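Below is one structure, written out as structure tokens, with a few remarks after it.
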Amino acid sequence: WLEPIADGLVVLRRHALEPAQALLSAIDRVTAEAPLVHRMTPGGHPMSVAMTCCGEFGWVTDRQGYRYQRTSPETDFPWPPMPAVFRQLAQNAAVEAGYPGFDPDACLINRYARGAKMGLHQDRDEQDFRWPIVSVSLGLPINFQFGGRQRNERPRKILLEHGDVVVWGGESRLNYHGVLTLKAGEHPLTGPYRYNLTFRRAR
Ligand code: MD3
Ligand code: FE
């Protein structure tokens with residue numbers, strides 16, 4: 001991580017180590033209310049990553065396409081509120097990275113089990129790309145792929161480990177990215193899983 005990877009990208013390695021247990025307890029509370037599910041891509045394939053959301057808006061995908069919405073398709077109720085420990089961590093990381101005033105209204109919770117992956121994509125369903133996305137990795141490590149602004153640029157491989165926080169803003173905000181297949185493992189706090197939180201400003 002010592003090499004500059006891209007403008008606007010700030011890595012706060014192990015920044016979420018101390019609150020990790022509190023974050024995982026909050027994940028359990030959210031997922032008890034809004035279950036983790038394998039959503040369908042617009043192309044009709046179930047995602048290998050299990051996903052849920054909290055905050056004012058949640059990101060969903062189905063045969064209709066990708067969008068943010070105020071309710072969970074499973075429950076038809078509003079998403080669970082964003083836990084205070086989530087918001088505080090995201091805002092603190094954004095300030096450290098030079099984005100004071102970042103107030104996420106959406107948090108996606110991704111859970112990876114052995115074999116789960118996420119293909120190269122851009123995050124462009126948000127209204128204002130001047131706000132960054134803050135990501136938090138918990139549990140098993142995974143190889144992350146960070147590409148360019150165009151899909152044809154060869155991605156770099158970056159290991160994301162338990163507690164790593166990354167702020168993706170500025171010139172890196174619309175870069176292609178994805179994650180390679182999660183390998184089997186056992187983490188003391190998450191067992192066979194990797195969790196990823198992404199904090200966004202949807203509207
Ligand atoms: C780079 N999640 O939920 S987090 C996603 O590990 C997503 O679950 C991955 O991509 C995961 O959309 C990667 C890191 C990340 C998130 C958003 C980005 C990297 C990004 C937006 C722009 C550039
Ligand atoms: Fe993404």
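Here's how to read the names in the structure tokens: chain A, B, ... by the order shown, residue numbers from 1 in each chain, ligand numbers from 1 in the order shown.
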
* To do: Around ligand 1, at most 8 Å away and counting only C-alpha atoms and all ligand atoms, which residues are there? Put them as a PyMOL selection string, please.
  => chain A and resi 108-112+118+121-123+132-137+142+144+146+166+168-169+172-179+195-198

Just-selected residues, N, CA and C atoms written as a compact mmCIF listing (two decimals), in the first residue's frame:
# COMPACT_ATOMS: atom_id res chain seq x y z
N LEU A 108 -24.29 -0.67 2.66
CA LEU A 108 -24.46 -2.04 2.16
C LEU A 108 -23.61 -2.97 3.00
N ILE A 109 -24.18 -4.07 3.37
CA ILE A 109 -23.46 -5.11 4.10
C ILE A 109 -23.35 -6.31 3.17
N ASN A 110 -22.12 -6.66 2.81
CA ASN A 110 -21.87 -7.82 1.95
C ASN A 110 -21.25 -8.92 2.78
N ARG A 111 -21.76 -10.13 2.63
CA ARG A 111 -21.15 -11.28 3.31
C ARG A 111 -20.66 -12.28 2.28
N TYR A 112 -19.36 -12.58 2.35
CA TYR A 112 -18.72 -13.53 1.46
C TYR A 112 -18.47 -14.84 2.20
N MET A 118 -17.03 -11.02 -6.53
CA MET A 118 -17.80 -9.94 -7.14
C MET A 118 -17.04 -9.46 -8.36
N HIS A 121 -16.88 -3.99 -11.61
CA HIS A 121 -18.03 -3.11 -11.84
C HIS A 121 -17.68 -1.70 -11.38
N GLN A 122 -18.53 -0.76 -11.74
CA GLN A 122 -18.44 0.60 -11.21
C GLN A 122 -19.62 0.82 -10.27
N ASP A 123 -19.45 1.68 -9.28
CA ASP A 123 -20.57 2.08 -8.41
C ASP A 123 -21.04 3.44 -8.92
N PRO A 132 -17.33 10.47 -1.41
CA PRO A 132 -16.59 9.21 -1.54
C PRO A 132 -17.46 8.02 -1.12
N ILE A 133 -16.93 6.83 -1.30
CA ILE A 133 -17.47 5.62 -0.69
C ILE A 133 -16.42 5.16 0.32
N VAL A 134 -16.89 4.81 1.52
CA VAL A 134 -15.99 4.32 2.56
C VAL A 134 -16.25 2.82 2.73
N SER A 135 -15.20 2.01 2.65
CA SER A 135 -15.39 0.57 2.82
C SER A 135 -14.63 0.05 4.03
N VAL A 136 -15.22 -0.94 4.69
CA VAL A 136 -14.64 -1.55 5.88
C VAL A 136 -14.64 -3.06 5.67
N SER A 137 -13.48 -3.68 5.82
CA SER A 137 -13.36 -5.13 5.66
C SER A 137 -13.24 -5.80 7.02
N ILE A 142 -9.28 -10.97 1.62
CA ILE A 142 -9.67 -11.25 0.24
C ILE A 142 -8.79 -10.44 -0.70
N PHE A 144 -8.59 -7.97 -3.55
CA PHE A 144 -9.43 -6.96 -4.16
C PHE A 144 -8.79 -6.56 -5.50
N PHE A 146 -8.48 -3.60 -8.26
CA PHE A 146 -8.72 -2.18 -8.49
C PHE A 146 -8.28 -1.81 -9.91
N VAL A 166 -11.03 1.77 3.67
CA VAL A 166 -10.56 2.46 2.47
C VAL A 166 -11.58 3.53 2.09
N TRP A 168 -12.69 5.81 -0.99
CA TRP A 168 -12.58 5.88 -2.44
C TRP A 168 -13.26 7.15 -2.90
N GLY A 169 -12.45 8.18 -3.13
CA GLY A 169 -13.02 9.45 -3.55
C GLY A 169 -12.28 10.01 -4.74
N SER A 172 -10.66 8.34 -7.97
CA SER A 172 -10.83 6.88 -7.90
C SER A 172 -12.29 6.47 -7.79
N ARG A 173 -13.17 7.43 -7.62
CA ARG A 173 -14.57 7.14 -7.26
C ARG A 173 -15.29 6.28 -8.29
N LEU A 174 -14.97 6.48 -9.58
CA LEU A 174 -15.69 5.73 -10.61
C LEU A 174 -14.85 4.62 -11.24
N ASN A 175 -13.77 4.25 -10.56
CA ASN A 175 -12.93 3.18 -11.11
C ASN A 175 -13.61 1.81 -10.99
N TYR A 176 -13.32 0.98 -11.97
CA TYR A 176 -13.79 -0.40 -11.91
C TYR A 176 -13.11 -1.12 -10.74
N HIS A 177 -13.85 -2.01 -10.10
CA HIS A 177 -13.30 -2.77 -8.97
C HIS A 177 -14.12 -4.04 -8.78
N GLY A 178 -13.53 -4.97 -8.07
CA GLY A 178 -14.22 -6.23 -7.80
C GLY A 178 -13.42 -7.02 -6.78
N VAL A 179 -13.90 -8.20 -6.44
CA VAL A 179 -13.12 -9.03 -5.54
C VAL A 179 -13.02 -10.45 -6.09
N TYR A 195 -16.92 -10.02 5.86
CA TYR A 195 -17.95 -8.99 5.74
C TYR A 195 -17.31 -7.74 5.17
N ASN A 196 -18.08 -7.08 4.33
CA ASN A 196 -17.66 -5.76 3.85
C ASN A 196 -18.80 -4.79 4.02
N LEU A 197 -18.48 -3.66 4.64
CA LEU A 197 -19.46 -2.57 4.76
C LEU A 197 -19.06 -1.50 3.76
N THR A 198 -20.02 -0.99 2.99
CA THR A 198 -19.72 0.20 2.18
C THR A 198 -20.72 1.29 2.53

Sorted per-residue table, segment 52-94 of chain A near segment 27-31 of chain A, closest atoms and distance, 12 Å, only C-alpha atoms, as CSV:
residue,atom,partner,partner_atom,distance
A:Thr52,CA,A:Thr31,CA,7.1
A:Cys53,CA,A:Val30,CA,7.9
A:Cys54,CA,A:Val30,CA,6.9
A:Gly55,CA,A:Val30,CA,10.0
A:Ser72,CA,A:Thr31,CA,11.4
A:Glu74,CA,A:Thr31,CA,11.7
A:Thr75,CA,A:Thr31,CA,11.8
A:Pro78,CA,A:Val30,CA,11.8
A:Trp79,CA,A:Val30,CA,8.6
A:Pro80,CA,A:Val30,CA,6.1
A:Pro81,CA,A:Val30,CA,8.2
A:Met82,CA,A:Val30,CA,8.5
A:Pro83,CA,A:Val30,CA,8.4
A:Ala84,CA,A:Ile27,CA,11.8
A:Val85,CA,A:Ile27,CA,10.5
A:Phe86,CA,A:Ile27,CA,9.4

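If you look at atom CA of His38 of chain A and atom CA of Arg194 of chain A, they are 15.1 Å away from each other.
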
- Could you pull the residues within 6 Å of His15 of chain A, counting only C-alpha atoms, minus those fewer than 3 positions along the same chain, as a PyMOL selection string? chain A and resi 12+163-165

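When only C-alpha atoms and all ligand atoms are used to measure the gap to ligand 2, the shortest distance among A:Thr190, A:Asn92, A:Gln145, A:Ser25 belongs to A:Gln145.
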
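The closest residue to ligand 2, picked from A:Leu89, A:Leu120, A:Val49, A:Val37 and counting only C-alpha atoms and all ligand atoms, is A:Leu120.
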
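Using only C-alpha atoms for every distance, the candidate list A:Arg63, A:Arg201, A:His187, A:Arg130 yields A:Arg201 as the residue closest to Asp105 of chain A.
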
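As for atom CA of His162 of chain A and atom CA of Ala113 of chain A, they are spaced 14.8 Å apart.
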
Ligand 2 proximity check over A:Arg114, A:Arg154, A:Arg200, A:Arg14, using only C-alpha atoms and all ligand atoms: winner is A:Arg200

Separating atom CA of Leu159 of chain A from atom CA of Cys107 of chain A, to the nearest tenth of an Å, is a gap of 22.0 Å

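Nearest residue to ligand 2, choosing from A:Glu161, A:Lys183, A:Arg124, A:Leu138 and counting only C-alpha atoms and all ligand atoms: A:Arg124.
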